[in-house]
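File shown here: entry05.txt, holding compact mmCIF, C-alpha atoms.
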```
# COMPACT_ATOMS: atom_id res chain seq x y z
CA MET A 23 72.64 -27.41 40.44
CA GLN A 24 73.38 -29.54 37.39
CA TYR A 25 72.25 -28.40 33.94
CA LYS A 26 69.64 -31.17 33.71
CA GLN A 27 68.13 -30.06 37.01
CA TYR A 28 68.29 -26.45 35.87
CA LEU A 29 66.21 -27.29 32.78
CA ASN A 30 63.50 -28.73 35.04
CA THR A 31 63.15 -25.33 36.70
CA VAL A 32 62.83 -23.36 33.46
CA ARG A 33 59.36 -22.12 32.55
CA LYS A 34 58.16 -20.83 29.19
CA LYS A 35 56.38 -17.48 28.90
CA ASN A 36 53.01 -19.19 29.34
CA GLY A 37 54.21 -20.90 32.54
CA ASP A 38 54.55 -24.39 31.07
CA ILE A 39 57.60 -26.56 31.69
CA LEU A 40 59.89 -27.55 28.84
CA ALA A 41 59.02 -30.66 26.83
CA ASP A 42 61.32 -33.68 27.24
CA SER A 43 62.37 -33.45 23.58
CA THR A 44 63.37 -29.80 24.10
CA LYS A 45 65.41 -30.68 27.18
CA GLU A 46 67.24 -33.32 25.19
CA LYS A 47 68.25 -30.76 22.57
CA TYR A 48 69.58 -28.44 25.25
CA LEU A 49 71.50 -31.25 26.93
CA THR A 50 73.05 -32.28 23.62
CA LEU A 51 74.37 -28.78 23.06
CA PHE A 52 75.56 -28.52 26.65
CA LYS A 53 77.69 -31.66 26.18
CA LYS A 54 79.04 -30.20 22.96
CA TYR A 55 80.13 -26.86 24.45
CA THR A 56 81.28 -27.81 27.95
CA PRO A 57 84.68 -29.21 26.83
CA PHE A 58 85.45 -25.95 25.03
CA LEU A 59 84.85 -23.94 28.18
CA LYS A 60 86.99 -26.24 30.30
CA SER A 61 89.90 -26.82 27.97
CA SER A 62 90.49 -23.67 25.94
CA PRO A 63 91.89 -20.49 27.52
CA ASN A 64 91.67 -18.78 24.15
CA LEU A 65 88.63 -16.51 24.10
CA ASN A 66 88.56 -16.21 20.31
CA ASP A 67 88.75 -19.98 19.91
CA ILE A 68 85.79 -20.48 22.24
CA ASN A 69 83.87 -17.67 20.60
CA ASP A 70 84.28 -19.22 17.14
CA LYS A 71 83.15 -22.63 18.34
CA ILE A 72 80.10 -21.29 20.14
CA LYS A 73 79.07 -19.14 17.19
CA SER A 74 79.17 -22.16 14.89
CA SER A 75 75.91 -23.30 16.45
CA THR A 76 73.02 -23.59 14.02
CA ASN A 77 70.45 -23.26 16.80
CA PRO A 78 70.64 -19.82 18.46
CA LEU A 79 67.67 -20.52 20.74
CA THR A 80 69.31 -23.64 22.12
CA TYR A 81 72.56 -21.77 22.68
CA SER A 82 70.67 -19.00 24.50
CA MET A 83 69.49 -21.55 27.05
CA PHE A 84 73.06 -22.78 27.52
CA ARG A 85 74.28 -19.22 28.02
CA SER A 86 71.53 -18.50 30.55
CA TYR A 87 72.76 -21.50 32.54
CA LEU A 88 76.31 -20.12 32.54
CA LEU A 89 75.00 -16.87 33.94
CA PHE A 90 72.86 -18.70 36.48
CA LYS A 91 75.85 -20.74 37.68
CA GLU A 92 78.06 -17.64 37.69
CA ILE A 93 80.82 -19.71 36.13
CA PRO A 94 84.13 -17.87 36.58
CA LEU A 95 84.46 -17.14 32.92
CA LYS A 96 82.98 -13.68 32.99
CA GLU A 97 85.13 -12.41 30.16
CA ILE A 98 83.90 -15.23 27.97
CA GLN A 99 80.28 -14.63 28.90
CA ASN A 100 80.58 -10.97 27.96
CA LYS A 101 82.23 -11.76 24.63
CA LEU A 102 79.92 -14.57 23.55
CA ASP A 103 77.02 -13.21 21.56
CA THR A 104 74.05 -15.36 20.73
CA PRO A 105 74.63 -16.58 17.17
CA GLN A 106 72.41 -14.77 14.75
CA ARG A 107 69.82 -16.50 12.65
CA LYS A 108 70.50 -16.55 8.94
CA ALA A 109 69.79 -13.20 7.30
CA SER A 110 66.76 -14.74 5.65
CA SER A 111 64.65 -17.85 5.92
CA LEU A 112 64.93 -17.96 2.13
CA ILE A 113 68.05 -20.07 2.21
CA SER A 114 68.02 -20.80 -1.50
CA LYS A 115 66.18 -20.08 -4.71
CA GLN A 116 65.02 -23.70 -4.77
CA PHE A 117 63.57 -23.27 -1.28
CA LEU A 118 61.58 -20.26 -2.44
CA HIS A 119 60.40 -22.07 -5.56
CA ASN A 120 58.85 -24.76 -3.35
CA LYS A 121 57.10 -22.16 -1.19
CA VAL A 122 55.27 -20.25 -3.92
CA ILE A 123 51.62 -21.04 -4.62
CA SER A 124 50.68 -20.85 -8.29
CA ARG A 125 47.93 -18.56 -9.51
CA ALA A 126 45.93 -21.59 -10.59
CA GLU A 127 46.17 -23.03 -7.06
CA LEU A 128 45.08 -19.72 -5.55
CA LYS A 129 42.03 -19.62 -7.81
CA ARG A 130 41.12 -23.21 -6.95
CA LEU A 131 41.35 -22.50 -3.23
CA MET A 132 39.17 -19.42 -3.51
CA SER A 133 36.56 -21.16 -5.65
CA GLU A 134 36.35 -24.43 -3.70
CA VAL A 135 36.61 -23.20 -0.11
CA LYS A 136 33.06 -22.44 0.98
CA ASP A 137 33.67 -21.30 4.55
CA LEU A 138 33.46 -17.50 4.56
CA ARG A 139 36.04 -16.94 7.27
CA MET A 140 38.60 -19.19 5.59
CA LYS A 141 38.03 -17.51 2.20
CA LEU A 142 38.65 -14.14 3.85
CA ILE A 143 41.80 -15.43 5.57
CA ILE A 144 43.21 -16.77 2.30
CA SER A 145 42.37 -13.58 0.42
CA MET A 146 43.83 -11.31 3.12
CA LEU A 147 47.00 -13.38 3.48
CA TYR A 148 47.64 -13.00 -0.24
CA ASP A 149 46.65 -9.34 -0.67
CA THR A 150 48.48 -8.05 2.39
CA ALA A 151 51.43 -10.51 2.48
CA CYS A 152 51.01 -10.39 6.26
CA ARG A 153 52.73 -12.71 8.67
CA ARG A 154 50.15 -14.76 10.54
CA THR A 155 50.73 -12.87 13.80
CA GLU A 156 50.18 -9.62 11.92
CA LEU A 157 46.95 -10.91 10.40
CA ILE A 158 45.31 -11.94 13.66
CA ASN A 159 46.19 -8.56 15.20
CA ILE A 160 44.38 -6.50 12.55
CA LYS A 161 41.50 -4.46 13.96
CA TYR A 162 38.59 -2.90 12.11
CA GLY A 163 39.94 0.46 13.19
CA ASP A 164 43.17 -0.21 11.27
CA ILE A 165 41.30 -0.20 7.96
CA THR A 166 40.90 2.96 5.86
CA LEU A 167 38.75 2.95 2.72
CA ILE A 168 40.28 4.23 -0.51
CA LYS A 169 38.55 5.39 -3.68
CA ASP A 170 40.56 3.62 -6.34
CA ASP A 171 39.84 1.19 -9.18
CA LYS A 172 42.17 -1.52 -7.82
CA ILE A 173 42.62 -0.68 -4.15
CA LYS A 174 39.58 -0.70 -1.88
CA ALA A 175 41.28 -0.12 1.47
CA GLN A 176 44.62 0.29 3.22
CA ILE A 177 45.51 -1.35 6.52
CA GLY A 178 47.99 -0.13 9.10
CA ILE A 179 50.15 -3.02 10.31
CA ILE A 180 52.49 -3.26 13.27
CA GLY A 181 54.97 -5.84 12.10
CA LYS A 182 58.13 -7.59 13.18
CA GLY A 183 60.30 -5.50 15.45
CA ASN A 184 57.30 -3.29 16.25
CA LYS A 185 57.69 -1.55 12.88
CA ALA A 186 54.68 0.06 11.24
CA ARG A 187 53.85 -0.33 7.56
CA THR A 188 50.84 -0.06 5.27
CA VAL A 189 49.33 -2.87 3.21
CA TYR A 190 46.36 -2.92 0.85
CA ILE A 191 43.39 -5.06 -0.11
CA GLY A 192 41.57 -5.31 -3.42
CA THR A 193 37.90 -5.61 -4.33
CA GLN A 194 37.60 -9.37 -3.74
CA THR A 195 39.07 -9.20 -0.23
CA TYR A 196 37.06 -6.11 0.64
CA ASP A 197 33.79 -7.71 -0.46
CA LEU A 198 34.54 -10.81 1.63
CA LEU A 199 35.41 -8.64 4.62
CA LYS A 200 32.22 -6.64 4.23
CA GLU A 201 30.12 -9.82 4.12
CA TYR A 202 32.00 -11.33 7.06
CA SER A 203 31.57 -8.22 9.21
CA LYS A 204 27.79 -8.40 8.83
CA GLY A 205 27.75 -11.58 10.88
CA LYS A 206 29.87 -12.37 13.91
CA GLY A 207 32.82 -10.37 12.62
CA LYS A 208 32.04 -7.10 14.39
CA LYS A 209 31.50 -8.48 17.88
CA SER A 210 35.17 -7.78 18.44
CA LYS A 211 37.45 -4.89 17.54
CA PHE A 212 39.69 -7.55 15.97
CA ILE A 213 38.64 -8.97 12.61
CA PHE A 214 39.47 -12.52 13.62
CA GLN A 215 38.27 -13.36 17.11
CA PHE A 216 40.87 -15.44 18.88
CA ARG A 217 40.89 -13.56 22.18
CA ASP A 218 39.23 -13.87 25.54
CA LYS A 219 37.22 -11.11 27.21
CA ARG A 220 40.43 -9.45 28.42
CA GLY A 221 41.79 -9.31 24.88
CA LYS A 222 44.43 -11.99 25.45
CA LEU A 223 45.16 -14.20 22.44
CA ILE A 224 43.86 -17.76 22.73
CA LYS A 225 46.68 -19.57 20.95
CA ASP A 226 44.85 -22.87 20.58
CA GLN A 227 42.10 -21.21 18.54
CA ALA A 228 44.62 -19.46 16.31
CA HIS A 229 46.53 -22.72 15.74
CA LYS A 230 43.25 -24.42 14.87
CA MET A 231 42.71 -21.86 12.11
CA TRP A 232 46.08 -22.67 10.54
CA SER A 233 45.31 -26.39 10.81
CA GLU A 234 42.06 -25.79 8.96
CA LEU A 235 43.96 -24.01 6.20
CA LYS A 236 46.23 -27.05 5.80
CA LYS A 237 43.19 -29.33 5.77
CA TYR A 238 41.57 -27.38 2.94
CA SER A 239 44.81 -27.24 0.93
CA ARG A 240 45.36 -30.98 1.31
CA ARG A 241 41.84 -31.73 0.14
CA ILE A 242 41.76 -29.25 -2.75
CA LEU A 243 45.40 -29.08 -3.84
CA ALA A 244 46.78 -32.35 -2.43
CA SER A 245 49.56 -30.44 -0.65
CA ASP A 246 50.08 -28.48 2.55
CA LYS A 247 49.85 -24.71 2.35
CA HIS A 248 50.75 -22.68 5.41
CA PRO A 249 50.22 -18.93 6.02
CA HIS A 250 53.79 -17.83 5.26
CA MET A 251 53.57 -19.34 1.78
CA PHE A 252 51.04 -16.65 0.82
CA ARG A 253 53.61 -14.05 1.85
CA HIS A 254 56.29 -15.68 -0.34
CA THR A 255 53.75 -15.94 -3.15
CA LYS A 256 52.70 -12.28 -3.02
CA ALA A 257 56.32 -11.11 -3.03
CA THR A 258 57.12 -13.34 -6.00
CA HIS A 259 54.10 -12.13 -7.92
CA LEU A 260 55.06 -8.52 -7.20
CA ALA A 261 58.53 -9.24 -8.58
CA ASP A 262 57.00 -10.94 -11.62
CA LYS A 263 55.10 -7.72 -12.33
CA GLY A 264 58.28 -5.67 -12.18
CA ALA A 265 58.31 -4.44 -8.57
CA SER A 266 61.76 -3.37 -7.39
CA ALA A 267 63.54 -4.82 -4.38
CA MET A 268 62.89 -1.56 -2.49
CA GLU A 269 59.17 -1.78 -3.21
CA ILE A 270 59.01 -5.40 -2.06
CA MET A 271 61.06 -4.55 1.01
CA ALA A 272 58.65 -1.76 1.95
CA TYR A 273 55.50 -3.79 1.37
CA LEU A 274 56.62 -6.92 3.21
CA GLY A 275 58.49 -5.11 5.96
CA HIS A 276 61.84 -6.82 5.39
CA GLU A 277 64.73 -5.64 7.54
CA LYS A 278 67.33 -6.27 4.84
CA ILE A 279 67.10 -5.63 1.12
CA GLU A 280 69.05 -8.87 0.50
CA THR A 281 65.91 -10.77 1.50
CA SER A 282 63.81 -8.86 -1.03
CA MET A 283 66.42 -9.38 -3.74
CA ILE A 284 65.90 -13.14 -3.64
CA TYR A 285 62.38 -12.64 -5.00
CA ILE A 286 63.80 -10.53 -7.82
CA GLN A 287 66.34 -13.23 -8.65
CA VAL A 288 63.68 -15.91 -9.10
CA SER A 289 61.28 -13.58 -10.89
CA SER A 290 60.32 -14.19 -14.51
CA PHE A 291 60.06 -10.43 -15.13
CA VAL A 292 63.68 -9.76 -16.05
CA GLY A 293 63.85 -12.69 -18.45
CA GLU A 294 60.52 -11.80 -20.04
CA ARG A 295 61.59 -8.16 -20.47
CA ALA A 296 64.88 -9.26 -22.03
CA PHE A 297 63.09 -11.58 -24.46
CA LYS A 298 60.66 -8.87 -25.55
CA LYS A 299 63.48 -6.38 -26.01
CA TYR A 300 65.99 -8.57 -27.82
CA ALA A 301 64.02 -11.46 -29.36
CA GLU A 302 64.51 -12.12 -33.06
CA GLU A 303 62.49 -14.33 -35.34
CA ILE A 304 64.56 -16.98 -37.14
CA LEU A 305 61.87 -18.22 -39.49
```

Could you write out this structure as structure tokens?
Amino acid sequence: MQYKQYLNTVRKKNGDILADSTKEKYLTLFKKYTPFLKSSPNLNDINDKIKSSTNPLTYSMFRSYLLFKEIPLKEIQNKLDTPQRKASSLISKQFLHNKVISRAELKRLMSEVKDLRMKLIISMLYDTACRRTELINIKYGDITLIKDDKIKAQIGIIGKGNKARTVYIGTQTYDLLKEYSKGKGKKSKFIFQFRDKRGKLIKDQAHKMWSELKKYSRRILASDKHPHMFRHTKATHLADKGASAMEIMAYLGHEKIETSMIYIQVSSFVGERAFKKYAEEIL
């Protein structure tokens, strides 16, 4: 079976076939790597070339084909590891700068969005710094009320890598949640109802929610705002208030502290503290 034919047999987790554009990407990589496998007997040489790929998912498909074909390069197959994604999606400070929503923009969104569910989504995304998959998996039973001036409740989250952590919501988010739960909110154990009767996530409905968020941000702020930007924003604001890299790492559930450090590096806190400590008047 040729690689092109092999791609026609591949099914995604939901049972769908691969899109033509996806197949083209896989074929492009296949053409790129095949000469290395045929011409070079040097395992290290091949390993270096394969690992130079910038698309680990595409390479994974190529490797699965090698295994399927049982190509007599077993030593190579065992030594070739799928190239790792970059340690962080925050590839530069400039990238992060473009992904942070200003406080003024947050206030405008909250004041001009009238839909209760969307207001709650925006407020929860910011307070909790949740990934979108984490947000839609929050259940009412995950919420514990807290008697505190600033914190109204804590929420147990199961995050990336099946790791548990705790996040918090303030008065504004709690009040919105309380109002929302009086209506259709409590028909499900999940806060946001994007599941069928069996509890299986209806992806189309979840995607529609994120599209609505973009629609509101375009209308109100004249720019696209997606869920992960609220996570970047919360982490940056925590750093601006003086939170340490360890604190940010714990709250956002980062795997590596290097990721959290990027927020510290772009924070205004260190510069502001230095100015207050060492500033001198010249007039």

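The spacing separating CA of Ser266 (chain A) from CA of Tyr148 (chain A) amounts to 18.5 Å.
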
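CA of Leu118 (chain A) is positioned 21.2 Å from CA of Arg130 (chain A).
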
Q: Find the residue from A:Lys26, A:Arg153, A:Leu128, A:Lys200 that sits nearest to Lys47 (chain A); use only C-alpha atoms when measuring.
A: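 Using only C-alpha atoms, the shortest distance to Lys47 (chain A) belongs to A:Lys26.
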
Q.
Report, in Å with one decimal, the straight-line distance from CA of Arg217 (chain A) to CA of Met146 (chain A).
A. 19.4 Å

Q) From the list A:Gln215, A:Ser282, A:Thr255, A:Asn30, which residue is nearest Met268 (chain A) when using only C-alpha atoms? A) A:Ser282

Selection near region 269-280 of chain A, 10 Å with only C-alpha atoms, sequence-local residues under 5 positions removed, as a PDB file with C-alpha atoms, in the coordinates of the input:
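Now in result_15.pdb:
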```pdb
ATOM      1  CA  ALA A 109      69.790 -13.200   7.300  1.00  0.00           C
ATOM      2  CA  SER A 110      66.760 -14.740   5.650  1.00  0.00           C
ATOM      3  CA  THR A 150      48.480  -8.050   2.390  1.00  0.00           C
ATOM      4  CA  ALA A 151      51.430 -10.510   2.480  1.00  0.00           C
ATOM      5  CA  CYS A 152      51.010 -10.390   6.260  1.00  0.00           C
ATOM      6  CA  ARG A 153      52.730 -12.710   8.670  1.00  0.00           C
ATOM      7  CA  ILE A 179      50.150  -3.020  10.310  1.00  0.00           C
ATOM      8  CA  ILE A 180      52.490  -3.260  13.270  1.00  0.00           C
ATOM      9  CA  GLY A 181      54.970  -5.840  12.100  1.00  0.00           C
ATOM     10  CA  LYS A 182      58.130  -7.590  13.180  1.00  0.00           C
ATOM     11  CA  GLY A 183      60.300  -5.500  15.450  1.00  0.00           C
ATOM     12  CA  LYS A 185      57.690  -1.550  12.880  1.00  0.00           C
ATOM     13  CA  ALA A 186      54.680   0.060  11.240  1.00  0.00           C
ATOM     14  CA  ARG A 187      53.850  -0.330   7.560  1.00  0.00           C
ATOM     15  CA  THR A 188      50.840  -0.060   5.270  1.00  0.00           C
ATOM     16  CA  VAL A 189      49.330  -2.870   3.210  1.00  0.00           C
ATOM     17  CA  TYR A 190      46.360  -2.920   0.850  1.00  0.00           C
ATOM     18  CA  ARG A 253      53.610 -14.050   1.850  1.00  0.00           C
ATOM     19  CA  HIS A 254      56.290 -15.680  -0.340  1.00  0.00           C
ATOM     20  CA  LYS A 256      52.700 -12.280  -3.020  1.00  0.00           C
ATOM     21  CA  ALA A 257      56.320 -11.110  -3.030  1.00  0.00           C
ATOM     22  CA  THR A 258      57.120 -13.340  -6.000  1.00  0.00           C
ATOM     23  CA  LEU A 260      55.060  -8.520  -7.200  1.00  0.00           C
ATOM     24  CA  ALA A 261      58.530  -9.240  -8.580  1.00  0.00           C
ATOM     25  CA  GLY A 264      58.280  -5.670 -12.180  1.00  0.00           C
ATOM     26  CA  TYR A 285      62.380 -12.640  -5.000  1.00  0.00           C
ATOM     27  CA  ILE A 286      63.800 -10.530  -7.820  1.00  0.00           C
TER      28      ILE A 286
END
```

Q | Sphere at (41.0, -16.8, -0.8), radius 7 Å, counting all atoms listed in the file: residues as a PyMOL selection string | A | chain A and resi 128+131-132+141-145

Write out the residues from the selection above, keeping C-alpha atoms, as a PDB file, in the coordinates of the input.
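Once written, result36.pdb looks like this:
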```pdb
ATOM      1  CA  LEU A 128      45.080 -19.720  -5.550  1.00  0.00           C
ATOM      2  CA  LEU A 131      41.350 -22.500  -3.230  1.00  0.00           C
ATOM      3  CA  MET A 132      39.170 -19.420  -3.510  1.00  0.00           C
ATOM      4  CA  LYS A 141      38.030 -17.510   2.200  1.00  0.00           C
ATOM      5  CA  LEU A 142      38.650 -14.140   3.850  1.00  0.00           C
ATOM      6  CA  ILE A 143      41.800 -15.430   5.570  1.00  0.00           C
ATOM      7  CA  ILE A 144      43.210 -16.770   2.300  1.00  0.00           C
ATOM      8  CA  SER A 145      42.370 -13.580   0.420  1.00  0.00           C
TER       9      SER A 145
END
```

**Q.** Residue contacts of region 239-248 of chain A (10 Å, all atoms listed in the file) excluding same-chain residues fewer than 6 positions away, as a ChimeraX atom specification
**A.** /A:121-123,127-128,130-131,134-135,154,232-233
